[in-house]
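Everything below belongs to data_11.cif, which stores mmCIF, N, CA and C atoms and all ligand atoms.
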data_query
#
loop_
_atom_site.label_atom_id
_atom_site.label_comp_id
_atom_site.auth_asym_id
_atom_site.auth_seq_id
_atom_site.Cartn_x
_atom_site.Cartn_y
_atom_site.Cartn_z
N MET P 13 68.83 -8.83 -53.67
CA MET P 13 67.96 -8.97 -52.50
C MET P 13 68.81 -9.25 -51.25
N MET P 14 68.44 -8.64 -50.13
CA MET P 14 69.19 -8.83 -48.89
C MET P 14 69.02 -10.25 -48.38
N SER P 15 70.09 -10.82 -47.85
CA SER P 15 69.94 -12.14 -47.23
C SER P 15 69.13 -11.98 -45.96
N ASN P 16 68.59 -13.09 -45.51
CA ASN P 16 67.81 -13.06 -44.29
C ASN P 16 68.61 -12.51 -43.12
N LEU P 17 69.89 -12.92 -43.02
CA LEU P 17 70.71 -12.45 -41.90
C LEU P 17 70.94 -10.95 -41.98
N ASN P 18 71.21 -10.46 -43.18
CA ASN P 18 71.41 -9.01 -43.31
C ASN P 18 70.15 -8.24 -42.95
N GLU P 19 69.01 -8.78 -43.33
CA GLU P 19 67.75 -8.11 -42.97
C GLU P 19 67.58 -8.09 -41.45
N MET P 20 67.91 -9.20 -40.81
CA MET P 20 67.79 -9.25 -39.35
C MET P 20 68.76 -8.26 -38.69
N ILE P 21 69.97 -8.17 -39.23
CA ILE P 21 70.95 -7.23 -38.66
C ILE P 21 70.45 -5.79 -38.82
N GLU P 22 69.88 -5.49 -39.96
CA GLU P 22 69.38 -4.13 -40.18
C GLU P 22 68.21 -3.82 -39.24
N LEU P 23 67.35 -4.80 -39.02
CA LEU P 23 66.23 -4.60 -38.10
C LEU P 23 66.73 -4.42 -36.66
N ALA P 24 67.73 -5.22 -36.27
CA ALA P 24 68.29 -5.08 -34.92
C ALA P 24 68.96 -3.72 -34.76
N ARG P 25 69.64 -3.28 -35.81
CA ARG P 25 70.32 -1.98 -35.77
C ARG P 25 69.29 -0.85 -35.61
N ALA P 26 68.20 -0.93 -36.36
CA ALA P 26 67.17 0.11 -36.29
C ALA P 26 66.47 0.09 -34.93
N THR P 27 66.25 -1.10 -34.42
CA THR P 27 65.57 -1.21 -33.13
C THR P 27 66.47 -0.73 -32.00
N ARG P 28 67.77 -0.97 -32.14
CA ARG P 28 68.74 -0.49 -31.13
C ARG P 28 68.65 1.03 -30.98
N GLU P 29 68.33 1.72 -32.07
CA GLU P 29 68.20 3.18 -32.02
C GLU P 29 67.11 3.62 -31.05
N ARG P 30 66.15 2.72 -30.82
CA ARG P 30 65.02 3.05 -29.93
C ARG P 30 65.26 2.62 -28.49
N ALA P 31 66.44 2.06 -28.21
CA ALA P 31 66.70 1.60 -26.84
C ALA P 31 66.50 2.75 -25.85
N HIS P 32 65.93 2.40 -24.71
CA HIS P 32 65.80 3.37 -23.61
C HIS P 32 66.87 2.99 -22.60
N ALA P 33 68.04 3.60 -22.75
CA ALA P 33 69.19 3.22 -21.92
C ALA P 33 69.91 4.45 -21.40
N PRO P 34 69.16 5.37 -20.73
CA PRO P 34 69.80 6.60 -20.26
C PRO P 34 70.75 6.38 -19.09
N TYR P 35 70.68 5.22 -18.44
CA TYR P 35 71.49 4.99 -17.23
C TYR P 35 72.81 4.33 -17.57
N SER P 36 72.78 3.32 -18.43
CA SER P 36 74.04 2.66 -18.82
C SER P 36 74.64 3.31 -20.05
N GLY P 37 73.81 3.91 -20.89
CA GLY P 37 74.30 4.44 -22.15
C GLY P 37 74.65 3.33 -23.14
N PHE P 38 74.31 2.09 -22.79
CA PHE P 38 74.65 0.93 -23.64
C PHE P 38 73.39 0.47 -24.37
N HIS P 39 73.36 0.71 -25.66
CA HIS P 39 72.16 0.44 -26.44
C HIS P 39 72.28 -0.90 -27.15
N VAL P 40 71.21 -1.70 -27.06
CA VAL P 40 71.22 -3.04 -27.66
C VAL P 40 69.93 -3.24 -28.45
N GLY P 41 70.07 -3.90 -29.59
CA GLY P 41 68.91 -4.30 -30.39
C GLY P 41 68.97 -5.79 -30.66
N ALA P 42 67.82 -6.41 -30.80
CA ALA P 42 67.78 -7.85 -31.08
C ALA P 42 66.72 -8.12 -32.13
N CYS P 43 66.93 -9.20 -32.89
CA CYS P 43 65.94 -9.62 -33.87
C CYS P 43 65.88 -11.15 -33.89
N ILE P 44 64.70 -11.68 -33.64
CA ILE P 44 64.47 -13.13 -33.63
C ILE P 44 63.79 -13.53 -34.92
N ARG P 45 64.28 -14.62 -35.54
CA ARG P 45 63.50 -15.27 -36.60
C ARG P 45 62.84 -16.49 -35.98
N ALA P 46 61.51 -16.49 -36.00
CA ALA P 46 60.75 -17.58 -35.40
C ALA P 46 60.45 -18.66 -36.44
N SER P 47 59.94 -19.79 -35.98
CA SER P 47 59.70 -20.92 -36.89
C SER P 47 58.63 -20.60 -37.92
N SER P 48 57.78 -19.63 -37.67
CA SER P 48 56.77 -19.22 -38.66
C SER P 48 57.41 -18.42 -39.80
N GLY P 49 58.67 -18.00 -39.60
CA GLY P 49 59.34 -17.14 -40.57
C GLY P 49 59.24 -15.67 -40.19
N ARG P 50 58.39 -15.37 -39.23
CA ARG P 50 58.23 -13.97 -38.82
C ARG P 50 59.45 -13.50 -38.04
N LEU P 51 59.70 -12.19 -38.12
CA LEU P 51 60.81 -11.57 -37.40
C LEU P 51 60.26 -10.71 -36.27
N TYR P 52 60.89 -10.82 -35.12
CA TYR P 52 60.46 -10.05 -33.94
C TYR P 52 61.66 -9.28 -33.41
N VAL P 53 61.46 -8.02 -33.10
CA VAL P 53 62.57 -7.19 -32.63
C VAL P 53 62.36 -6.75 -31.19
N GLY P 54 63.46 -6.32 -30.58
CA GLY P 54 63.40 -5.78 -29.23
C GLY P 54 64.62 -4.93 -28.95
N CYS P 55 64.47 -3.99 -28.01
CA CYS P 55 65.61 -3.19 -27.54
C CYS P 55 65.61 -3.25 -26.02
N ASN P 56 66.73 -2.83 -25.42
CA ASN P 56 66.74 -2.78 -23.96
C ASN P 56 65.94 -1.58 -23.47
N VAL P 57 65.26 -1.80 -22.36
CA VAL P 57 64.36 -0.79 -21.78
C VAL P 57 64.75 -0.63 -20.31
N GLU P 58 65.52 0.40 -20.00
CA GLU P 58 65.98 0.60 -18.63
C GLU P 58 64.95 1.41 -17.83
N ASN P 59 65.22 1.50 -16.53
CA ASN P 59 64.28 2.16 -15.64
C ASN P 59 65.05 2.87 -14.54
N ALA P 60 64.49 3.99 -14.05
CA ALA P 60 65.13 4.73 -12.96
C ALA P 60 65.30 3.83 -11.73
N ALA P 61 64.42 2.89 -11.57
CA ALA P 61 64.60 1.84 -10.56
C ALA P 61 65.42 0.75 -11.27
N TYR P 62 66.73 0.83 -11.19
CA TYR P 62 67.63 0.08 -12.06
C TYR P 62 67.30 -1.40 -12.27
N PRO P 63 66.96 -2.14 -11.20
CA PRO P 63 66.74 -3.59 -11.42
C PRO P 63 65.55 -3.90 -12.33
N GLN P 64 64.71 -2.92 -12.56
CA GLN P 64 63.53 -3.15 -13.42
C GLN P 64 63.86 -3.07 -14.90
N GLY P 65 65.09 -2.77 -15.23
CA GLY P 65 65.49 -2.70 -16.64
C GLY P 65 65.38 -4.04 -17.32
N GLN P 66 65.15 -4.00 -18.62
CA GLN P 66 64.97 -5.24 -19.39
C GLN P 66 65.92 -5.26 -20.57
N CYS P 67 66.51 -6.42 -20.81
CA CYS P 67 67.43 -6.59 -21.94
C CYS P 67 66.68 -6.64 -23.27
N ALA P 68 67.39 -6.36 -24.35
CA ALA P 68 66.82 -6.39 -25.70
C ALA P 68 66.28 -7.78 -26.04
N GLU P 69 67.02 -8.82 -25.62
CA GLU P 69 66.60 -10.19 -25.92
C GLU P 69 65.27 -10.50 -25.24
N ALA P 70 65.12 -10.04 -24.00
CA ALA P 70 63.88 -10.28 -23.26
C ALA P 70 62.71 -9.58 -23.95
N THR P 71 62.95 -8.36 -24.43
CA THR P 71 61.90 -7.62 -25.13
C THR P 71 61.49 -8.37 -26.40
N ALA P 72 62.49 -8.89 -27.14
CA ALA P 72 62.20 -9.61 -28.39
C ALA P 72 61.47 -10.92 -28.12
N VAL P 73 61.87 -11.61 -27.06
CA VAL P 73 61.16 -12.86 -26.70
C VAL P 73 59.71 -12.55 -26.34
N GLY P 74 59.49 -11.49 -25.61
CA GLY P 74 58.11 -11.10 -25.26
C GLY P 74 57.29 -10.77 -26.49
N ALA P 75 57.91 -10.07 -27.45
CA ALA P 75 57.21 -9.73 -28.70
C ALA P 75 56.87 -11.01 -29.46
N MET P 76 57.82 -11.96 -29.47
CA MET P 76 57.60 -13.22 -30.20
C MET P 76 56.43 -14.01 -29.61
N VAL P 77 56.45 -14.17 -28.31
CA VAL P 77 55.38 -14.96 -27.68
C VAL P 77 54.05 -14.23 -27.82
N SER P 78 54.07 -12.92 -27.67
CA SER P 78 52.84 -12.13 -27.84
C SER P 78 52.32 -12.23 -29.27
N GLY P 79 53.24 -12.42 -30.22
CA GLY P 79 52.85 -12.53 -31.63
C GLY P 79 52.38 -13.92 -32.02
N GLY P 80 52.46 -14.87 -31.09
CA GLY P 80 51.94 -16.21 -31.36
C GLY P 80 52.99 -17.23 -31.75
N ASP P 81 54.28 -16.88 -31.67
CA ASP P 81 55.35 -17.84 -31.98
C ASP P 81 56.00 -18.34 -30.70
N THR P 82 56.52 -19.56 -30.77
CA THR P 82 57.18 -20.13 -29.58
C THR P 82 58.51 -20.82 -29.90
N ARG P 83 58.96 -20.75 -31.15
CA ARG P 83 60.25 -21.36 -31.49
C ARG P 83 61.18 -20.33 -32.12
N ILE P 84 62.36 -20.17 -31.52
CA ILE P 84 63.40 -19.30 -32.07
C ILE P 84 64.27 -20.12 -33.03
N VAL P 85 64.33 -19.73 -34.29
CA VAL P 85 65.21 -20.42 -35.26
C VAL P 85 66.61 -19.82 -35.18
N GLU P 86 66.68 -18.51 -35.09
CA GLU P 86 67.97 -17.81 -34.93
C GLU P 86 67.70 -16.42 -34.36
N ILE P 87 68.75 -15.84 -33.80
CA ILE P 87 68.60 -14.50 -33.22
C ILE P 87 69.86 -13.68 -33.46
N VAL P 88 69.65 -12.41 -33.73
CA VAL P 88 70.73 -11.43 -33.83
C VAL P 88 70.69 -10.56 -32.57
N VAL P 89 71.85 -10.40 -31.94
CA VAL P 89 71.99 -9.47 -30.81
C VAL P 89 73.04 -8.45 -31.22
N LEU P 90 72.69 -7.18 -31.19
CA LEU P 90 73.58 -6.13 -31.72
C LEU P 90 73.78 -5.05 -30.67
N GLY P 91 75.05 -4.93 -30.21
CA GLY P 91 75.37 -3.91 -29.21
C GLY P 91 76.65 -3.18 -29.59
N GLY P 92 77.02 -2.20 -28.76
CA GLY P 92 78.21 -1.41 -29.04
C GLY P 92 79.43 -1.94 -28.32
N GLY P 93 80.49 -1.16 -28.32
CA GLY P 93 81.73 -1.53 -27.63
C GLY P 93 82.61 -2.42 -28.49
N GLN P 94 83.82 -2.65 -27.97
CA GLN P 94 84.80 -3.45 -28.71
C GLN P 94 84.59 -4.95 -28.52
N ARG P 95 84.01 -5.32 -27.38
CA ARG P 95 83.86 -6.74 -27.07
C ARG P 95 82.61 -7.30 -27.71
N LEU P 96 82.49 -8.64 -27.66
CA LEU P 96 81.28 -9.28 -28.15
C LEU P 96 80.13 -8.98 -27.20
N CYS P 97 79.00 -8.55 -27.76
CA CYS P 97 77.81 -8.27 -26.94
C CYS P 97 77.03 -9.57 -26.78
N THR P 98 77.55 -10.43 -25.92
CA THR P 98 76.91 -11.73 -25.70
C THR P 98 75.74 -11.57 -24.73
N PRO P 99 74.69 -12.34 -24.91
CA PRO P 99 73.54 -12.26 -23.98
C PRO P 99 73.98 -12.53 -22.55
N CYS P 100 73.37 -11.82 -21.61
CA CYS P 100 73.67 -12.02 -20.19
C CYS P 100 73.17 -13.40 -19.75
N GLY P 101 73.55 -13.80 -18.57
CA GLY P 101 73.17 -15.12 -18.07
C GLY P 101 71.67 -15.35 -18.07
N GLY P 102 70.92 -14.35 -17.58
CA GLY P 102 69.46 -14.49 -17.53
C GLY P 102 68.86 -14.64 -18.91
N CYS P 103 69.39 -13.90 -19.87
CA CYS P 103 68.85 -13.98 -21.23
C CYS P 103 69.22 -15.28 -21.91
N ARG P 104 70.34 -15.87 -21.55
CA ARG P 104 70.67 -17.20 -22.10
C ARG P 104 69.58 -18.18 -21.70
N GLN P 105 69.17 -18.11 -20.46
CA GLN P 105 68.09 -18.99 -20.00
C GLN P 105 66.78 -18.66 -20.70
N ARG P 106 66.47 -17.38 -20.87
CA ARG P 106 65.23 -16.98 -21.56
C ARG P 106 65.22 -17.51 -22.99
N LEU P 107 66.35 -17.40 -23.67
CA LEU P 107 66.41 -17.85 -25.06
C LEU P 107 66.32 -19.37 -25.15
N SER P 108 66.96 -20.06 -24.21
CA SER P 108 67.00 -21.53 -24.30
C SER P 108 65.62 -22.15 -24.11
N GLU P 109 64.73 -21.43 -23.49
CA GLU P 109 63.34 -21.91 -23.36
C GLU P 109 62.71 -22.15 -24.73
N PHE P 110 63.14 -21.37 -25.73
CA PHE P 110 62.48 -21.36 -27.04
C PHE P 110 63.40 -21.75 -28.20
N ALA P 111 64.68 -21.99 -27.91
CA ALA P 111 65.65 -22.26 -28.98
C ALA P 111 66.24 -23.65 -28.84
N ALA P 112 66.46 -24.32 -29.98
CA ALA P 112 67.12 -25.63 -29.97
C ALA P 112 68.60 -25.44 -29.65
N ALA P 113 69.24 -26.55 -29.24
CA ALA P 113 70.66 -26.50 -28.85
C ALA P 113 71.53 -25.98 -29.99
N ASP P 114 71.14 -26.27 -31.24
CA ASP P 114 71.98 -25.85 -32.38
C ASP P 114 71.52 -24.53 -33.00
N ALA P 115 70.59 -23.83 -32.37
CA ALA P 115 70.11 -22.55 -32.92
C ALA P 115 71.24 -21.53 -32.93
N PRO P 116 71.46 -20.83 -34.05
CA PRO P 116 72.54 -19.85 -34.12
C PRO P 116 72.19 -18.55 -33.40
N ILE P 117 73.16 -18.07 -32.62
CA ILE P 117 73.06 -16.77 -31.96
C ILE P 117 74.09 -15.89 -32.64
N HIS P 118 73.65 -14.89 -33.38
CA HIS P 118 74.57 -14.04 -34.13
C HIS P 118 74.90 -12.80 -33.30
N ILE P 119 76.15 -12.71 -32.87
CA ILE P 119 76.59 -11.58 -32.05
C ILE P 119 77.13 -10.51 -32.99
N CYS P 120 76.52 -9.34 -32.94
CA CYS P 120 76.86 -8.28 -33.90
C CYS P 120 77.24 -6.99 -33.19
N GLY P 121 77.98 -6.17 -33.91
CA GLY P 121 78.29 -4.81 -33.49
C GLY P 121 77.78 -3.86 -34.54
N PRO P 122 77.99 -2.57 -34.34
CA PRO P 122 77.55 -1.60 -35.35
C PRO P 122 78.18 -1.87 -36.72
N ASP P 123 79.33 -2.56 -36.69
CA ASP P 123 80.05 -2.93 -37.91
C ASP P 123 79.47 -4.15 -38.60
N GLY P 124 78.56 -4.85 -37.94
CA GLY P 124 77.96 -6.05 -38.54
C GLY P 124 78.25 -7.30 -37.73
N LEU P 125 78.20 -8.45 -38.40
CA LEU P 125 78.37 -9.74 -37.71
C LEU P 125 79.79 -9.89 -37.18
N ARG P 126 79.90 -10.28 -35.91
CA ARG P 126 81.21 -10.48 -35.30
C ARG P 126 81.49 -11.95 -35.02
N LYS P 127 80.45 -12.67 -34.56
CA LYS P 127 80.64 -14.09 -34.24
C LYS P 127 79.28 -14.76 -34.13
N THR P 128 79.22 -16.00 -34.62
CA THR P 128 78.01 -16.79 -34.46
C THR P 128 78.32 -17.98 -33.55
N VAL P 129 77.50 -18.17 -32.53
CA VAL P 129 77.65 -19.31 -31.63
C VAL P 129 76.31 -20.03 -31.56
N THR P 130 76.32 -21.24 -31.04
CA THR P 130 75.04 -21.95 -30.88
C THR P 130 74.49 -21.72 -29.48
N MET P 131 73.22 -22.02 -29.34
CA MET P 131 72.56 -21.91 -28.03
C MET P 131 73.31 -22.76 -27.00
N ASP P 132 73.70 -23.97 -27.41
CA ASP P 132 74.36 -24.88 -26.47
C ASP P 132 75.75 -24.39 -26.07
N GLU P 133 76.41 -23.68 -26.98
CA GLU P 133 77.72 -23.10 -26.62
C GLU P 133 77.53 -21.99 -25.59
N LEU P 134 76.44 -21.25 -25.75
CA LEU P 134 76.18 -20.14 -24.81
C LEU P 134 75.72 -20.64 -23.45
N LEU P 135 74.95 -21.71 -23.46
CA LEU P 135 74.39 -22.20 -22.19
C LEU P 135 74.41 -23.73 -22.16
N PRO P 136 75.62 -24.29 -21.93
CA PRO P 136 75.71 -25.75 -21.86
C PRO P 136 75.03 -26.29 -20.60
N TYR P 137 74.61 -27.53 -20.66
CA TYR P 137 73.97 -28.19 -19.51
C TYR P 137 72.80 -27.36 -18.98
N SER P 138 72.02 -26.80 -19.92
CA SER P 138 70.94 -25.91 -19.47
C SER P 138 69.80 -26.68 -18.83
N PHE P 139 69.12 -26.03 -17.97
CA PHE P 139 67.87 -26.56 -17.39
C PHE P 139 66.78 -26.19 -18.38
N SER P 140 66.12 -27.22 -18.94
CA SER P 140 65.15 -26.97 -20.02
C SER P 140 63.77 -27.48 -19.61
N PRO P 141 62.75 -27.16 -20.43
CA PRO P 141 61.40 -27.65 -20.12
C PRO P 141 61.36 -29.17 -19.97
N GLU P 142 62.26 -29.89 -20.70
CA GLU P 142 62.27 -31.37 -20.59
C GLU P 142 62.63 -31.83 -19.20
N ASN P 143 63.41 -31.02 -18.48
CA ASN P 143 63.79 -31.40 -17.12
C ASN P 143 62.57 -31.58 -16.22
N LEU P 144 61.51 -30.88 -16.57
CA LEU P 144 60.32 -30.93 -15.73
C LEU P 144 59.46 -32.16 -16.04
N GLU P 145 59.80 -32.86 -17.14
CA GLU P 145 58.98 -33.99 -17.57
C GLU P 145 59.47 -35.31 -17.01
N ASP P 146 60.73 -35.38 -16.62
CA ASP P 146 61.31 -36.67 -16.18
C ASP P 146 60.72 -37.15 -14.86
N1 LIG P 201 71.94 -5.59 -22.39
C1 LIG P 201 71.11 -6.15 -23.32
O1 LIG P 201 70.02 -5.60 -23.61
N2 LIG P 201 71.50 -7.29 -23.91
C2 LIG P 201 72.72 -7.88 -23.75
O2 LIG P 201 73.00 -8.88 -24.39
C3 LIG P 201 73.70 -7.30 -22.81
C4 LIG P 201 73.20 -6.17 -21.97
C5 LIG P 201 71.53 -4.31 -21.78
C6 LIG P 201 71.10 -4.37 -20.36
C7 LIG P 201 71.34 -2.94 -19.92
O3 LIG P 201 70.22 -2.14 -20.30
C8 LIG P 201 72.54 -2.50 -20.74
O4 LIG P 201 72.62 -3.41 -21.83
C9 LIG P 201 73.85 -2.53 -19.96
O5 LIG P 201 74.05 -3.74 -19.33
#
Give the structure from this file in structure tokens form.
Ligand code: THU
Amino acid sequence: MMSNLNEMIELARATRERAHAPYSGFHVGACIRASSGRLYVGCNVENAAYPQGQCAEATAVGAMVSGGDTRIVEIVVLGGGQRLCTPCGGCRQRLSEFAAADAPIHICGPDGLRKTVTMDELLPYSFSPENLED
């Protein structure tokens, strides 16, 4: 039986195939495991009006919230190229809204898992919902 991480990587890989990225040519897939155990996927969705493009992580977060989940347990981000496909600055903030500081972010390439980092490593000293409560 496939491990949970391998299943998430396969889902991110399949979802990446559906990316709409005719402008950058850079295709990304993401898969979130939420606290309910459900998996949510997303791909990047670009637009001829370039700034309207959306990252794969943002698409997956939208699917998760639309599906009724609000906690990210872990996430796979899978992109191409030689470098690590780390979430952009905006997506780090989007993920931190729903992920604990120790939540694993699995950075993958077409070859599979490349590096796992925590939410806090990606976005230290983040501005979180708790900041609004003080
Ligand atoms: N992109 C993502 O979807 N996620 C990332 O983690 C990095 C970048 C997308 C945005 C854009 O559609 C393309 O990759 C090139 O930046």
For ligand LIG 201 (chain P), return the neighbouring residues as an mmCIF file with N, CA and C atoms, in the coordinates of the input (distance at most 5 Å; only N, CA and C atoms and all ligand atoms).
data_model
loop_
_atom_site.group_PDB
_atom_site.id
_atom_site.type_symbol
_atom_site.label_atom_id
_atom_site.label_comp_id
_atom_site.auth_asym_id
_atom_site.auth_seq_id
_atom_site.Cartn_x
_atom_site.Cartn_y
_atom_site.Cartn_z
ATOM 1 N N PHE P 38 74.310 2.090 -22.790
ATOM 2 C CA PHE P 38 74.650 0.930 -23.640
ATOM 3 C C PHE P 38 73.390 0.470 -24.370
ATOM 4 N N VAL P 40 71.210 -1.700 -27.060
ATOM 5 C CA VAL P 40 71.220 -3.040 -27.660
ATOM 6 C C VAL P 40 69.930 -3.240 -28.450
ATOM 7 N N ASN P 56 66.730 -2.830 -25.420
ATOM 8 C CA ASN P 56 66.740 -2.780 -23.960
ATOM 9 C C ASN P 56 65.940 -1.580 -23.470
ATOM 10 N N CYS P 67 66.510 -6.420 -20.810
ATOM 11 C CA CYS P 67 67.430 -6.590 -21.940
ATOM 12 C C CYS P 67 66.680 -6.640 -23.270
ATOM 13 N N ALA P 68 67.390 -6.360 -24.350
ATOM 14 C CA ALA P 68 66.820 -6.390 -25.700
ATOM 15 C C ALA P 68 66.280 -7.780 -26.040
ATOM 16 N N GLU P 69 67.020 -8.820 -25.620
ATOM 17 C CA GLU P 69 66.600 -10.190 -25.920
ATOM 18 C C GLU P 69 65.270 -10.500 -25.240
ATOM 19 N N CYS P 97 79.000 -8.550 -27.760
ATOM 20 C CA CYS P 97 77.810 -8.270 -26.940
ATOM 21 C C CYS P 97 77.030 -9.570 -26.780
ATOM 22 N N THR P 98 77.550 -10.430 -25.920
ATOM 23 C CA THR P 98 76.910 -11.730 -25.700
ATOM 24 C C THR P 98 75.740 -11.570 -24.730
ATOM 25 N N PRO P 99 74.690 -12.340 -24.910
ATOM 26 C CA PRO P 99 73.540 -12.260 -23.980
ATOM 27 C C PRO P 99 73.980 -12.530 -22.550
ATOM 28 N N CYS P 100 73.370 -11.820 -21.610
ATOM 29 C CA CYS P 100 73.670 -12.020 -20.190
ATOM 30 C C CYS P 100 73.170 -13.400 -19.750
#
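Ranking P:Arg126, P:Thr82, P:Val53, P:Arg95 by their shortest atom-to-atom distance to Ala26 in chain P, with only C-alpha atoms included, puts P:Val53 first.
Counting only N, CA and C atoms, the residue from P:Gln94, P:Ala112, P:Arg106, P:Arg83 that sits nearest to Ala70 in chain P is P:Arg106.
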Problem set entry | Near-Ile117 in chain P list (6.5 Å; all atoms listed in the file; drop same-chain fewer than 3 positions) as a PyMOL selection string | chain P and resi 86-89+127-131
Exercise. Using all atoms listed in the file, which residue out of P:Pro141, P:Pro63, P:Gly80, P:Gly91 lies closest to Ala24 in chain P?
Worked result: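 Comparing P:Pro141, P:Pro63, P:Gly80, P:Gly91 against Ala24 in chain P, the winner is P:Gly91.
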Seminar exercise, completed: Using all atoms listed in the file, the shortest atom-to-atom distance to Ile119 in chain P among P:Ala60, P:Leu96, P:Leu107, P:Val73 belongs to P:Leu96
Problem set entry | Two-atom distance - CA of Ala115 in chain P, CA of Gly65 in chain P (Å) | 26.1 Å
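Closest to Gly41 in chain P among P:Val57, P:Val85, P:Leu90, P:Val77 is P:Leu90, based on only N, CA and C atoms.
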For this session: To one decimal in Å, tell me the separation between CA of Thr27 in chain P and CA of Cys55 in chain P.
Result: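 Pair CA of Thr27 in chain P / CA of Cys55 in chain P returns 5.9 Å.
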Exercise. Of the candidates P:Leu23, P:Ala111, P:Ala33, P:Ala75, which shows the shortest atom-to-atom distance to Ser138 in chain P, using only C-alpha atoms?
Worked result: P:Ala111
For this session: Mind giving me the straight-line distance from CA of Ile21 in chain P to atom C of Gln105 in chain P in Å, one decimal?
Result: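 These two atoms are separated by 21.7 Å.
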For this session: Per DSSP on the backbone, filter chain P down to the residues in strand (DSSP E) and report them as number ranges by chain.
Result: P: 40-46, 51-55, 84-91, 116-121, 124-130
Exercise. In chain P, what's alpha helix (DSSP H) per DSSP? Answer as a PyMOL selection string?
Worked result: chain P and resi 16-28+68-78+101-108+131-134
